[in-house]
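Data file: work_26.cif. Format and content: mmCIF, C-alpha atoms.
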```
data_query
#
loop_
_atom_site.label_atom_id
_atom_site.label_comp_id
_atom_site.auth_asym_id
_atom_site.auth_seq_id
_atom_site.Cartn_x
_atom_site.Cartn_y
_atom_site.Cartn_z
CA MET J 1 -82.91 189.26 172.48
CA THR J 2 -80.63 186.51 171.18
CA ASP J 3 -77.22 186.31 172.82
CA ASP J 4 -74.79 185.70 169.98
CA ARG J 5 -71.65 185.63 172.09
CA PRO J 6 -69.65 182.49 171.25
CA LEU J 7 -70.12 180.72 174.59
CA ALA J 8 -73.76 181.67 175.17
CA GLY J 9 -75.62 178.60 176.44
CA ILE J 10 -72.47 177.02 177.91
CA ARG J 11 -72.67 176.39 181.65
CA VAL J 12 -69.48 176.31 183.73
CA LEU J 13 -69.16 175.15 187.34
CA ASP J 14 -66.18 176.97 188.82
CA LEU J 15 -64.54 175.51 191.93
CA THR J 16 -61.39 177.65 191.68
CA ARG J 17 -60.05 180.37 193.95
CA LEU J 18 -57.49 183.17 193.92
CA LEU J 19 -56.03 184.02 190.46
CA PRO J 20 -55.45 181.49 187.63
CA GLY J 21 -58.80 179.68 187.71
CA PRO J 22 -61.04 182.69 188.35
CA MET J 23 -59.33 184.61 185.55
CA CYS J 24 -59.86 181.63 183.23
CA THR J 25 -63.57 181.48 184.01
CA LEU J 26 -63.78 185.28 183.76
CA HIS J 27 -62.74 185.00 180.11
CA LEU J 28 -65.37 182.29 179.59
CA ALA J 29 -68.03 184.43 181.30
CA ASP J 30 -67.14 187.50 179.26
CA MET J 31 -67.60 185.37 176.13
CA GLY J 32 -71.13 184.48 177.21
CA ALA J 33 -70.81 181.37 179.39
CA ASP J 34 -73.03 181.02 182.45
CA VAL J 35 -70.31 180.65 185.07
CA ILE J 36 -71.49 179.48 188.47
CA LYS J 37 -68.87 180.15 191.12
CA VAL J 38 -69.02 177.48 193.82
CA GLU J 39 -67.62 178.50 197.22
CA ASP J 40 -67.74 176.91 200.64
CA PRO J 41 -70.12 178.62 203.10
CA GLY J 42 -67.19 179.69 205.28
CA ALA J 43 -64.24 181.70 203.99
CA GLY J 44 -65.15 181.18 200.34
CA ASP J 45 -62.70 182.38 197.71
CA TYR J 46 -59.71 183.84 199.57
CA ALA J 47 -59.49 186.55 196.92
CA ARG J 48 -62.59 188.14 198.44
CA TRP J 49 -60.49 189.45 201.31
CA ILE J 50 -56.86 189.30 200.11
CA GLY J 51 -55.66 192.59 198.66
CA ARG J 52 -56.90 196.15 198.75
CA ARG J 53 -60.51 196.21 199.87
CA ALA J 54 -63.45 198.02 198.34
CA LYS J 55 -66.31 198.08 200.85
CA VAL J 56 -66.82 194.36 201.36
CA ASN J 57 -64.83 192.45 198.76
CA SER J 58 -61.31 193.08 197.51
CA LEU J 59 -60.81 194.99 194.29
CA ASP J 60 -58.93 191.94 193.00
CA PHE J 61 -62.01 189.78 193.50
CA LEU J 62 -64.31 192.29 191.84
CA ALA J 63 -62.04 192.40 188.79
CA MET J 64 -61.86 188.62 188.39
CA ASN J 65 -65.44 187.59 189.04
CA ARG J 66 -67.82 189.83 187.14
CA ASN J 67 -70.41 188.23 184.86
CA LYS J 68 -70.59 185.18 187.15
CA ARG J 69 -73.18 183.83 189.53
CA ALA J 70 -72.18 182.56 192.98
CA ILE J 71 -73.47 179.77 195.18
CA THR J 72 -72.24 178.21 198.40
CA LEU J 73 -71.88 174.45 198.88
CA ASP J 74 -70.06 172.57 201.61
CA LEU J 75 -68.46 169.83 199.54
CA LYS J 76 -67.13 168.18 202.69
CA LYS J 77 -70.70 167.15 203.48
CA PRO J 78 -72.06 164.27 201.37
CA ALA J 79 -75.20 166.28 200.66
CA GLY J 80 -73.07 169.12 199.33
CA ALA J 81 -71.18 166.84 196.97
CA ALA J 82 -74.48 165.31 195.85
CA LEU J 83 -75.87 168.76 195.06
CA PHE J 84 -72.77 169.58 193.06
CA LEU J 85 -73.15 166.42 190.98
CA ARG J 86 -76.78 167.32 190.41
CA LEU J 87 -75.65 170.64 188.98
CA ALA J 88 -72.94 168.84 186.98
CA GLU J 89 -75.59 166.79 185.16
CA THR J 90 -76.42 169.83 183.03
CA ALA J 91 -73.02 171.54 183.04
CA ASP J 92 -70.75 171.74 180.01
CA VAL J 93 -67.55 172.52 181.92
CA VAL J 94 -66.17 172.00 185.42
CA VAL J 95 -63.02 173.87 186.46
CA GLU J 96 -61.16 173.08 189.68
CA GLY J 97 -57.85 174.10 191.18
CA PHE J 98 -57.40 171.73 194.11
CA ARG J 99 -54.24 169.73 194.64
CA PRO J 100 -54.32 166.36 192.86
CA GLY J 101 -56.71 163.91 194.52
CA VAL J 102 -58.65 166.45 196.59
CA ALA J 103 -61.62 166.67 194.22
CA ASP J 104 -61.82 162.87 194.14
CA ARG J 105 -61.79 162.68 197.93
CA LEU J 106 -64.62 165.21 198.05
CA GLY J 107 -66.61 163.11 195.61
CA VAL J 108 -66.59 165.70 192.82
CA GLY J 109 -63.61 164.51 190.75
CA TYR J 110 -63.64 163.77 187.06
CA GLY J 111 -64.80 160.20 187.51
CA ALA J 112 -67.84 161.25 189.54
CA VAL J 113 -68.73 164.01 187.09
CA ARG J 114 -68.25 161.77 184.07
CA ALA J 115 -70.59 159.20 185.61
CA VAL J 116 -73.46 161.71 185.62
CA ASN J 117 -72.45 163.66 182.52
CA PRO J 118 -70.07 161.98 180.05
CA ARG J 119 -70.03 165.01 177.74
CA ALA J 120 -68.67 167.38 180.42
CA VAL J 121 -65.23 168.95 179.98
CA TYR J 122 -63.38 168.76 183.30
CA CYS J 123 -60.36 171.05 183.71
CA SER J 124 -57.90 170.71 186.59
CA ILE J 125 -55.48 173.63 187.02
CA THR J 126 -52.50 172.94 189.28
CA GLY J 127 -48.99 174.21 189.71
CA TYR J 128 -47.25 171.03 188.61
CA GLY J 129 -49.89 168.78 187.04
CA GLN J 130 -51.63 165.62 188.18
CA THR J 131 -48.50 163.45 187.90
CA GLY J 132 -44.77 163.65 188.58
CA PRO J 133 -42.69 164.05 191.74
CA LEU J 134 -43.93 167.60 192.41
CA ALA J 135 -47.64 166.93 191.82
CA ASP J 136 -48.60 167.23 195.49
CA LYS J 137 -46.36 170.19 196.30
CA ALA J 138 -47.66 173.68 197.06
CA GLY J 139 -46.49 176.59 194.95
CA HIS J 140 -47.13 180.08 193.69
CA ASP J 141 -46.25 182.04 190.57
CA ILE J 142 -42.66 182.67 191.69
CA ASN J 143 -42.11 178.92 192.20
CA TYR J 144 -43.51 177.94 188.81
CA LEU J 145 -41.30 180.52 187.10
CA ALA J 146 -38.30 179.36 189.11
CA LEU J 147 -38.76 175.69 188.24
CA SER J 148 -39.44 176.34 184.54
CA GLY J 149 -36.21 178.30 184.01
CA ALA J 150 -38.09 181.53 183.27
CA LEU J 151 -37.09 183.34 186.46
CA ASP J 152 -33.41 182.63 185.87
CA GLN J 153 -33.66 184.44 182.52
CA THR J 154 -35.56 187.47 183.83
CA GLY J 155 -33.76 190.59 185.03
CA ALA J 156 -30.92 192.97 184.24
CA ALA J 157 -27.42 191.78 183.47
CA GLY J 158 -25.42 191.22 186.63
CA GLY J 159 -28.49 191.56 188.83
CA PRO J 160 -30.72 189.08 190.63
CA PRO J 161 -33.74 187.42 189.01
CA ALA J 162 -36.53 190.00 188.65
CA ILE J 163 -40.09 189.37 189.82
CA SER J 164 -42.68 190.74 187.42
CA ASN J 165 -45.90 192.34 188.66
CA PHE J 166 -47.60 190.50 185.83
CA GLN J 167 -48.02 186.97 187.16
CA ILE J 168 -46.56 185.23 184.11
CA GLY J 169 -47.04 181.67 185.32
CA ASP J 170 -50.47 182.07 186.87
CA LEU J 171 -51.95 184.08 184.01
CA ALA J 172 -50.13 183.01 180.83
CA GLY J 173 -49.47 179.48 182.09
CA GLY J 174 -52.63 178.79 184.08
CA THR J 175 -55.39 181.13 182.96
CA LEU J 176 -54.83 181.32 179.21
CA THR J 177 -53.66 177.74 178.74
CA ALA J 178 -56.73 176.45 180.58
CA ALA J 179 -59.11 178.70 178.64
CA MET J 180 -57.58 177.56 175.35
CA ALA J 181 -57.84 173.89 176.32
CA ILE J 182 -61.44 174.26 177.54
CA CYS J 183 -62.58 175.93 174.33
CA ALA J 184 -60.86 173.24 172.25
CA ALA J 185 -62.36 170.44 174.35
CA LEU J 186 -65.82 171.99 174.08
CA VAL J 187 -65.58 171.80 170.31
CA GLY J 188 -64.61 168.14 170.61
CA ALA J 189 -67.45 167.42 173.03
CA GLN J 190 -70.00 169.03 170.75
CA ARG J 191 -68.69 166.99 167.81
CA THR J 192 -68.43 163.62 169.56
CA GLY J 193 -70.63 163.87 172.64
CA LYS J 194 -67.63 162.92 174.79
CA GLY J 195 -66.00 165.14 177.37
CA ARG J 196 -62.47 164.77 178.65
CA HIS J 197 -60.19 165.58 181.58
CA LEU J 198 -57.78 168.48 181.01
CA ASP J 199 -54.64 168.32 183.17
CA VAL J 200 -53.24 171.88 183.07
CA SER J 201 -49.87 172.35 184.76
CA ILE J 202 -48.81 175.97 185.14
CA THR J 203 -45.13 175.02 185.25
CA ASP J 204 -45.47 172.87 182.12
CA ALA J 205 -47.13 175.74 180.27
CA VAL J 206 -44.35 178.18 181.14
CA LEU J 207 -41.57 175.71 180.35
CA THR J 208 -42.99 174.79 176.93
CA HIS J 209 -43.16 178.46 175.96
CA MET J 210 -39.48 179.08 176.73
CA VAL J 211 -38.75 178.75 173.02
CA ILE J 212 -36.26 181.63 172.62
CA PRO J 213 -33.86 180.69 175.45
CA ALA J 214 -34.28 177.03 174.47
CA ALA J 215 -33.11 177.90 170.97
CA THR J 216 -30.05 179.59 172.46
CA LEU J 217 -29.40 176.50 174.57
CA ALA J 218 -29.68 174.24 171.52
CA GLY J 219 -27.46 176.40 169.36
CA GLU J 220 -24.83 177.48 171.87
CA GLY J 221 -24.87 174.67 174.41
CA ALA J 222 -25.95 177.03 177.19
CA THR J 223 -28.48 179.77 177.75
CA ALA J 224 -27.23 183.35 177.67
CA PRO J 225 -26.55 184.94 181.07
CA ARG J 226 -29.44 186.89 182.51
CA GLY J 227 -29.91 190.14 180.61
CA ARG J 228 -27.53 189.08 177.81
CA ASP J 229 -29.71 187.20 175.32
CA LYS J 230 -30.90 188.92 172.17
CA LEU J 231 -34.32 189.77 173.64
CA THR J 232 -33.26 190.44 177.23
CA GLY J 233 -30.77 193.26 176.76
CA GLY J 234 -27.89 191.71 174.87
CA LEU J 235 -28.34 193.91 171.77
CA ALA J 236 -28.16 197.66 171.41
CA CYS J 237 -31.24 197.65 169.19
CA TYR J 238 -33.47 195.90 171.75
CA GLY J 239 -33.58 197.07 175.34
CA VAL J 240 -34.58 199.76 177.79
CA TYR J 241 -32.64 202.98 178.26
CA ALA J 242 -32.76 205.51 181.09
CA THR J 243 -33.75 209.08 180.26
CA ALA J 244 -32.58 212.29 181.89
CA ASP J 245 -35.60 212.48 184.20
CA GLY J 246 -35.32 208.98 185.60
CA ARG J 247 -37.85 207.45 183.21
CA TRP J 248 -37.24 204.76 180.59
CA LEU J 249 -37.43 204.39 176.83
CA ALA J 250 -38.11 200.99 175.24
CA VAL J 251 -36.21 200.35 172.00
CA GLY J 252 -37.42 197.32 170.04
CA ALA J 253 -35.81 198.03 166.69
CA LEU J 254 -34.75 194.47 165.86
CA GLU J 255 -35.15 194.81 162.10
CA PRO J 256 -32.37 196.81 160.39
CA LYS J 257 -34.89 199.15 158.72
CA PHE J 258 -36.11 200.24 162.15
CA TRP J 259 -32.65 200.50 163.69
CA VAL J 260 -31.45 202.76 160.88
CA GLN J 261 -34.34 205.13 161.67
CA VAL J 262 -33.53 205.06 165.37
CA CYS J 263 -29.88 205.90 164.83
CA ALA J 264 -30.81 208.76 162.49
CA ALA J 265 -33.28 210.16 165.04
CA LEU J 266 -30.64 209.93 167.77
CA GLY J 267 -28.18 211.82 165.57
CA ARG J 268 -25.89 208.79 165.49
CA PRO J 269 -26.12 207.27 162.00
CA ASP J 270 -22.67 205.80 162.62
CA LEU J 271 -24.30 203.22 164.93
CA ALA J 272 -26.56 201.84 162.21
CA ASP J 273 -24.39 198.76 161.66
CA LYS J 274 -23.88 198.07 165.38
CA GLY J 275 -27.39 197.19 166.55
CA HIS J 276 -26.84 193.42 166.47
CA LEU J 277 -23.27 193.27 167.71
CA GLU J 278 -22.64 191.06 170.71
CA GLY J 279 -19.94 190.83 173.35
CA GLU J 280 -17.68 193.82 174.03
CA ALA J 281 -18.56 195.48 170.75
CA GLY J 282 -22.26 195.18 171.54
CA GLU J 283 -21.76 196.60 175.02
CA ALA J 284 -19.86 199.54 173.57
CA ALA J 285 -22.70 200.25 171.14
CA LYS J 286 -25.25 200.05 173.93
CA ALA J 287 -23.21 202.51 176.00
CA GLU J 288 -23.18 204.98 173.10
CA VAL J 289 -26.95 204.74 172.72
CA ALA J 290 -27.48 205.00 176.47
CA ALA J 291 -25.44 208.19 176.66
CA VAL J 292 -27.54 209.88 173.99
CA ILE J 293 -30.88 208.85 175.48
CA ALA J 294 -29.77 209.84 178.99
CA SER J 295 -29.21 213.41 177.77
CA ARG J 296 -32.92 214.25 177.38
CA PRO J 297 -36.13 213.60 179.34
CA LEU J 298 -38.66 210.99 178.31
CA SER J 299 -41.08 213.60 176.95
CA HIS J 300 -38.48 214.66 174.38
CA TRP J 301 -37.96 211.13 173.10
CA ALA J 302 -41.66 210.29 173.15
CA GLU J 303 -42.41 213.33 171.00
CA LEU J 304 -39.48 212.63 168.67
CA PHE J 305 -40.35 208.99 168.04
CA ALA J 306 -44.16 209.32 168.00
CA PRO J 307 -44.39 210.02 164.25
CA LEU J 308 -41.75 207.41 163.37
CA ASP J 309 -42.52 203.75 162.69
CA SER J 310 -39.42 202.46 164.44
CA CYS J 311 -40.59 200.36 167.45
CA VAL J 312 -39.54 202.90 170.07
CA THR J 313 -41.98 203.72 172.86
CA PRO J 314 -41.99 205.29 176.30
CA VAL J 315 -42.18 202.93 179.26
CA LEU J 316 -45.53 203.95 180.71
CA THR J 317 -46.82 203.56 184.22
CA LEU J 318 -50.04 201.55 184.52
CA GLU J 319 -51.96 204.75 185.18
CA GLU J 320 -50.56 206.29 181.98
CA ALA J 321 -51.33 203.16 179.97
CA MET J 322 -54.93 203.04 181.18
CA ALA J 323 -55.45 206.71 180.32
CA GLY J 324 -53.56 206.55 177.02
CA ALA J 325 -55.04 207.21 173.61
CA GLN J 326 -54.73 203.58 172.50
CA ALA J 327 -56.54 202.20 175.54
CA ARG J 328 -59.26 204.84 175.15
CA ALA J 329 -59.70 204.09 171.46
CA ARG J 330 -60.02 200.38 172.23
CA ASN J 331 -62.40 200.99 175.19
CA LEU J 332 -60.16 198.84 177.38
CA VAL J 333 -61.13 200.49 180.64
CA VAL J 334 -64.76 200.27 181.70
CA THR J 335 -66.65 201.46 184.77
CA HIS J 336 -69.81 199.84 186.04
CA GLU J 337 -71.96 200.20 189.13
CA HIS J 338 -71.81 197.45 191.74
CA PRO J 339 -74.89 197.40 193.99
CA VAL J 340 -72.76 197.03 197.12
CA GLU J 341 -69.32 198.35 196.20
CA GLY J 342 -70.39 201.36 194.11
CA PRO J 343 -68.54 202.41 190.91
CA VAL J 344 -65.93 199.82 189.89
CA ARG J 345 -63.29 200.45 187.22
CA GLN J 346 -62.01 197.37 185.40
CA PHE J 347 -60.50 196.16 182.15
CA ALA J 348 -62.67 195.04 179.26
CA PRO J 349 -61.81 191.70 177.60
CA PRO J 350 -58.74 191.84 175.36
CA VAL J 351 -60.57 190.43 172.31
CA ARG J 352 -63.07 192.33 170.18
CA MET J 353 -65.90 190.29 168.67
CA ASP J 354 -68.76 190.99 166.30
CA ALA J 355 -71.23 190.29 169.10
CA GLY J 356 -71.22 194.00 169.92
CA PRO J 357 -69.64 196.21 172.58
CA PHE J 358 -68.64 194.60 175.84
CA ALA J 359 -70.93 195.07 178.81
CA VAL J 360 -70.84 193.93 182.41
CA ASP J 361 -74.06 191.95 182.61
CA ARG J 362 -73.50 191.01 186.23
CA PRO J 363 -71.20 192.69 188.74
CA ALA J 364 -69.01 190.35 190.81
CA PRO J 365 -71.42 188.38 193.03
CA MET J 366 -71.60 188.46 196.77
CA GLN J 367 -70.85 185.13 198.43
CA GLY J 368 -73.75 182.74 197.83
CA GLU J 369 -75.82 185.43 196.14
CA HIS J 370 -77.35 183.08 193.58
CA THR J 371 -77.57 179.87 195.61
CA ASP J 372 -81.37 179.72 195.73
CA PRO J 373 -82.12 180.48 192.06
CA VAL J 374 -79.40 178.11 190.81
CA LEU J 375 -80.70 175.28 193.00
CA ARG J 376 -84.26 175.99 191.85
CA GLU J 377 -83.02 175.69 188.27
CA ALA J 378 -81.72 172.23 189.23
CA GLY J 379 -85.21 171.26 190.38
CA LEU J 380 -84.97 171.73 194.14
CA SER J 381 -88.00 173.00 196.00
CA ASP J 382 -87.89 175.90 198.45
CA ASP J 383 -88.40 173.41 201.30
CA GLU J 384 -85.40 171.35 200.16
CA ILE J 385 -83.27 174.49 199.88
CA ALA J 386 -84.32 175.59 203.37
CA ARG J 387 -83.44 172.14 204.76
CA HIS J 388 -79.99 172.21 203.16
CA ARG J 389 -79.40 175.67 204.59
CA ALA J 390 -80.44 174.55 208.05
CA ASP J 391 -78.03 171.60 207.76
CA GLY J 392 -75.13 173.90 206.81
CA VAL J 393 -74.81 172.37 203.34
CA ILE J 394 -75.36 175.72 201.63
#
```

How does this structure look as structure tokens?
Amino acid sequence: MTDDRPLAGIRVLDLTRLLPGPMCTLHLADMGADVIKVEDPGAGDYARWIGRRAKVNSLDFLAMNRNKRAITLDLKKPAGAALFLRLAETADVVVEGFRPGVADRLGVGYGAVRAVNPRAVYCSITGYGQTGPLADKAGHDINYLALSGALDQTGAAGGPPAISNFQIGDLAGGTLTAAMAICAALVGAQRTGKGRHLDVSITDAVLTHMVIPAATLAGEGATAPRGRDKLTGGLACYGVYATADGRWLAVGALEPKFWVQVCAALGRPDLADKGHLEGEAGEAAKAEVAAVIASRPLSHWAELFAPLDSCVTPVLTLEEAMAGAQARARNLVVTHEHPVEGPVRQFAPPVRMDAGPFAVDRPAPMQGEHTDPVLREAGLSDDEIARHRADGVI
């Protein structure tokens, strides 16, 4: 049967670990790419054992590495690097997440790959990019958000910066930016026959998407205090409000037509012209709204606003969101059987395509599970594979 997924026939060599890179290649794999996860024969991808465990691997790892194949190569051995370059001869994409210079020192950097395959797209995902004073520094999501100005703008008014449980930098800055760049570069490579090196900086990606606070800075000469900008709690018509049972209601009625509906539903039509007030007047309007919403439990407000088209929704827990009618209708939560771990519940891809319903073709691989077949595809004999295994290369 013909695989008509958009990346069918594209081969990706994935040298990444933990979160941003593996999530990037997960998206590529779900769109049909043959992603070959390359791990060292020792610890491998740290995500295998960091986090809540299933039976052998962590649930985090299982979620990020389905639909991939896995091999082990010791790139610190010359024979391991040589095997990688042999695989790179027929690869379309290489993705790595080492600090700048590490891939080159291992002999698998862009220059080495380009020498054997000039049409390959080579993507380097790092916290700060390949250049600049921070290029060689270590970092994690919290650091990238801190240095891009995003963390300073996140949180309630008067409180400390808030840390989201959605890794904004790693996922929006690293994963999605890299996937976008790879897909664009693949189009270019197919058109011209020339690959290119993609230098993806997570911090750069977050900073360049700070368009709303940057507009405030440009217009006012300073960013709004935390929790005081128009989309962070500074307006009565856009914010979160506590309910009587300790839950929260999200009000996103920015447009006047929505805010008028909200005020009518709250029994406070007198607030209809106060949704966009700022300063003391805005705070007073917010206090009036907060008092009304705090008088009833979340279930009351959810039922009241459900039939209205006014941008008001309950703040759901993750469990509620996964079990909700919208997620069910979109088939966003799927369960498949892993041969070692048993039933695994995960998210489907966020994009629907005409290629048909999403399916997990391969559960997340065990470490080195596909080493032998992948090396055979590259032309190695069983004797050669056995010799490399005896030498600790694979």

For segment 108-115 of chain J, find every residue with an atom within 12 Å (counting all atoms listed in the file), except residues of its own chain fewer than 4 positions away, and show them as a VMD selection string.
chain J and resid 13 to 15 73 to 104 119 to 124 193 to 199

Take the residues just selected and output them with C-alpha atoms as a PDB file, in the frame of the given file.
```pdb
ATOM      1  CA  LEU J  13     -69.160 175.150 187.340  1.00  0.00           C
ATOM      2  CA  ASP J  14     -66.180 176.970 188.820  1.00  0.00           C
ATOM      3  CA  LEU J  15     -64.540 175.510 191.930  1.00  0.00           C
ATOM      4  CA  LEU J  73     -71.880 174.450 198.880  1.00  0.00           C
ATOM      5  CA  ASP J  74     -70.060 172.570 201.610  1.00  0.00           C
ATOM      6  CA  LEU J  75     -68.460 169.830 199.540  1.00  0.00           C
ATOM      7  CA  LYS J  76     -67.130 168.180 202.690  1.00  0.00           C
ATOM      8  CA  LYS J  77     -70.700 167.150 203.480  1.00  0.00           C
ATOM      9  CA  PRO J  78     -72.060 164.270 201.370  1.00  0.00           C
ATOM     10  CA  ALA J  79     -75.200 166.280 200.660  1.00  0.00           C
ATOM     11  CA  GLY J  80     -73.070 169.120 199.330  1.00  0.00           C
ATOM     12  CA  ALA J  81     -71.180 166.840 196.970  1.00  0.00           C
ATOM     13  CA  ALA J  82     -74.480 165.310 195.850  1.00  0.00           C
ATOM     14  CA  LEU J  83     -75.870 168.760 195.060  1.00  0.00           C
ATOM     15  CA  PHE J  84     -72.770 169.580 193.060  1.00  0.00           C
ATOM     16  CA  LEU J  85     -73.150 166.420 190.980  1.00  0.00           C
ATOM     17  CA  ARG J  86     -76.780 167.320 190.410  1.00  0.00           C
ATOM     18  CA  LEU J  87     -75.650 170.640 188.980  1.00  0.00           C
ATOM     19  CA  ALA J  88     -72.940 168.840 186.980  1.00  0.00           C
ATOM     20  CA  GLU J  89     -75.590 166.790 185.160  1.00  0.00           C
ATOM     21  CA  THR J  90     -76.420 169.830 183.030  1.00  0.00           C
ATOM     22  CA  ALA J  91     -73.020 171.540 183.040  1.00  0.00           C
ATOM     23  CA  ASP J  92     -70.750 171.740 180.010  1.00  0.00           C
ATOM     24  CA  VAL J  93     -67.550 172.520 181.920  1.00  0.00           C
ATOM     25  CA  VAL J  94     -66.170 172.000 185.420  1.00  0.00           C
ATOM     26  CA  VAL J  95     -63.020 173.870 186.460  1.00  0.00           C
ATOM     27  CA  GLU J  96     -61.160 173.080 189.680  1.00  0.00           C
ATOM     28  CA  GLY J  97     -57.850 174.100 191.180  1.00  0.00           C
ATOM     29  CA  PHE J  98     -57.400 171.730 194.110  1.00  0.00           C
ATOM     30  CA  ARG J  99     -54.240 169.730 194.640  1.00  0.00           C
ATOM     31  CA  PRO J 100     -54.320 166.360 192.860  1.00  0.00           C
ATOM     32  CA  GLY J 101     -56.710 163.910 194.520  1.00  0.00           C
ATOM     33  CA  VAL J 102     -58.650 166.450 196.590  1.00  0.00           C
ATOM     34  CA  ALA J 103     -61.620 166.670 194.220  1.00  0.00           C
ATOM     35  CA  ASP J 104     -61.820 162.870 194.140  1.00  0.00           C
ATOM     36  CA  ARG J 119     -70.030 165.010 177.740  1.00  0.00           C
ATOM     37  CA  ALA J 120     -68.670 167.380 180.420  1.00  0.00           C
ATOM     38  CA  VAL J 121     -65.230 168.950 179.980  1.00  0.00           C
ATOM     39  CA  TYR J 122     -63.380 168.760 183.300  1.00  0.00           C
ATOM     40  CA  CYS J 123     -60.360 171.050 183.710  1.00  0.00           C
ATOM     41  CA  SER J 124     -57.900 170.710 186.590  1.00  0.00           C
ATOM     42  CA  GLY J 193     -70.630 163.870 172.640  1.00  0.00           C
ATOM     43  CA  LYS J 194     -67.630 162.920 174.790  1.00  0.00           C
ATOM     44  CA  GLY J 195     -66.000 165.140 177.370  1.00  0.00           C
ATOM     45  CA  ARG J 196     -62.470 164.770 178.650  1.00  0.00           C
ATOM     46  CA  HIS J 197     -60.190 165.580 181.580  1.00  0.00           C
ATOM     47  CA  LEU J 198     -57.780 168.480 181.010  1.00  0.00           C
ATOM     48  CA  ASP J 199     -54.640 168.320 183.170  1.00  0.00           C
TER      49      ASP J 199
END
```

Selection under test: the PyMOL selection byres ((chain J and resi 69) around 10); residues as a ChimeraX atom specification:
/J:13-14,29,34-38,65-68,70-71,362-371,373-374

Residues near Pro213 of chain J, cut-off 12 Å, all atoms listed in the file, skip fewer than 6 positions along chain, as a ChimeraX atom specification:
/J:148-154,207,219-232

Computed interatomic separation between atom CA of Thr192 of chain J and atom CA of Gly107 of chain J (Å)
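Separation of atom CA of Thr192 of chain J and atom CA of Gly107 of chain J: 26.1 Å.
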
Identify all residues satisfying the PyMOL selection byres ((chain J and resi 286) around 12) in the given file; provide them as a VMD selection string.
chain J and resid 228 233 to 242 251 263 271 to 272 274 to 285 287 to 294

Any chance you could export the current selection's C-alpha atoms as a PDB file, in the coordinates of the input?
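Once written, part.pdb looks like this:
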```pdb
ATOM      1  CA  ARG J 228     -27.530 189.080 177.810  1.00  0.00           C
ATOM      2  CA  GLY J 233     -30.770 193.260 176.760  1.00  0.00           C
ATOM      3  CA  GLY J 234     -27.890 191.710 174.870  1.00  0.00           C
ATOM      4  CA  LEU J 235     -28.340 193.910 171.770  1.00  0.00           C
ATOM      5  CA  ALA J 236     -28.160 197.660 171.410  1.00  0.00           C
ATOM      6  CA  CYS J 237     -31.240 197.650 169.190  1.00  0.00           C
ATOM      7  CA  TYR J 238     -33.470 195.900 171.750  1.00  0.00           C
ATOM      8  CA  GLY J 239     -33.580 197.070 175.340  1.00  0.00           C
ATOM      9  CA  VAL J 240     -34.580 199.760 177.790  1.00  0.00           C
ATOM     10  CA  TYR J 241     -32.640 202.980 178.260  1.00  0.00           C
ATOM     11  CA  ALA J 242     -32.760 205.510 181.090  1.00  0.00           C
ATOM     12  CA  VAL J 251     -36.210 200.350 172.000  1.00  0.00           C
ATOM     13  CA  CYS J 263     -29.880 205.900 164.830  1.00  0.00           C
ATOM     14  CA  LEU J 271     -24.300 203.220 164.930  1.00  0.00           C
ATOM     15  CA  ALA J 272     -26.560 201.840 162.210  1.00  0.00           C
ATOM     16  CA  LYS J 274     -23.880 198.070 165.380  1.00  0.00           C
ATOM     17  CA  GLY J 275     -27.390 197.190 166.550  1.00  0.00           C
ATOM     18  CA  HIS J 276     -26.840 193.420 166.470  1.00  0.00           C
ATOM     19  CA  LEU J 277     -23.270 193.270 167.710  1.00  0.00           C
ATOM     20  CA  GLU J 278     -22.640 191.060 170.710  1.00  0.00           C
ATOM     21  CA  GLY J 279     -19.940 190.830 173.350  1.00  0.00           C
ATOM     22  CA  GLU J 280     -17.680 193.820 174.030  1.00  0.00           C
ATOM     23  CA  ALA J 281     -18.560 195.480 170.750  1.00  0.00           C
ATOM     24  CA  GLY J 282     -22.260 195.180 171.540  1.00  0.00           C
ATOM     25  CA  GLU J 283     -21.760 196.600 175.020  1.00  0.00           C
ATOM     26  CA  ALA J 284     -19.860 199.540 173.570  1.00  0.00           C
ATOM     27  CA  ALA J 285     -22.700 200.250 171.140  1.00  0.00           C
ATOM     28  CA  ALA J 287     -23.210 202.510 176.000  1.00  0.00           C
ATOM     29  CA  GLU J 288     -23.180 204.980 173.100  1.00  0.00           C
ATOM     30  CA  VAL J 289     -26.950 204.740 172.720  1.00  0.00           C
ATOM     31  CA  ALA J 290     -27.480 205.000 176.470  1.00  0.00           C
ATOM     32  CA  ALA J 291     -25.440 208.190 176.660  1.00  0.00           C
ATOM     33  CA  VAL J 292     -27.540 209.880 173.990  1.00  0.00           C
ATOM     34  CA  ILE J 293     -30.880 208.850 175.480  1.00  0.00           C
ATOM     35  CA  ALA J 294     -29.770 209.840 178.990  1.00  0.00           C
TER      36      ALA J 294
END
```

Kindly give the distance, in Å, that separates atom CA of Leu298 of chain J and atom CA of Val334 of chain J, rounded to a single decimal.
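Between atom CA of Leu298 of chain J and atom CA of Val334 of chain J the gap works out to 28.4 Å.
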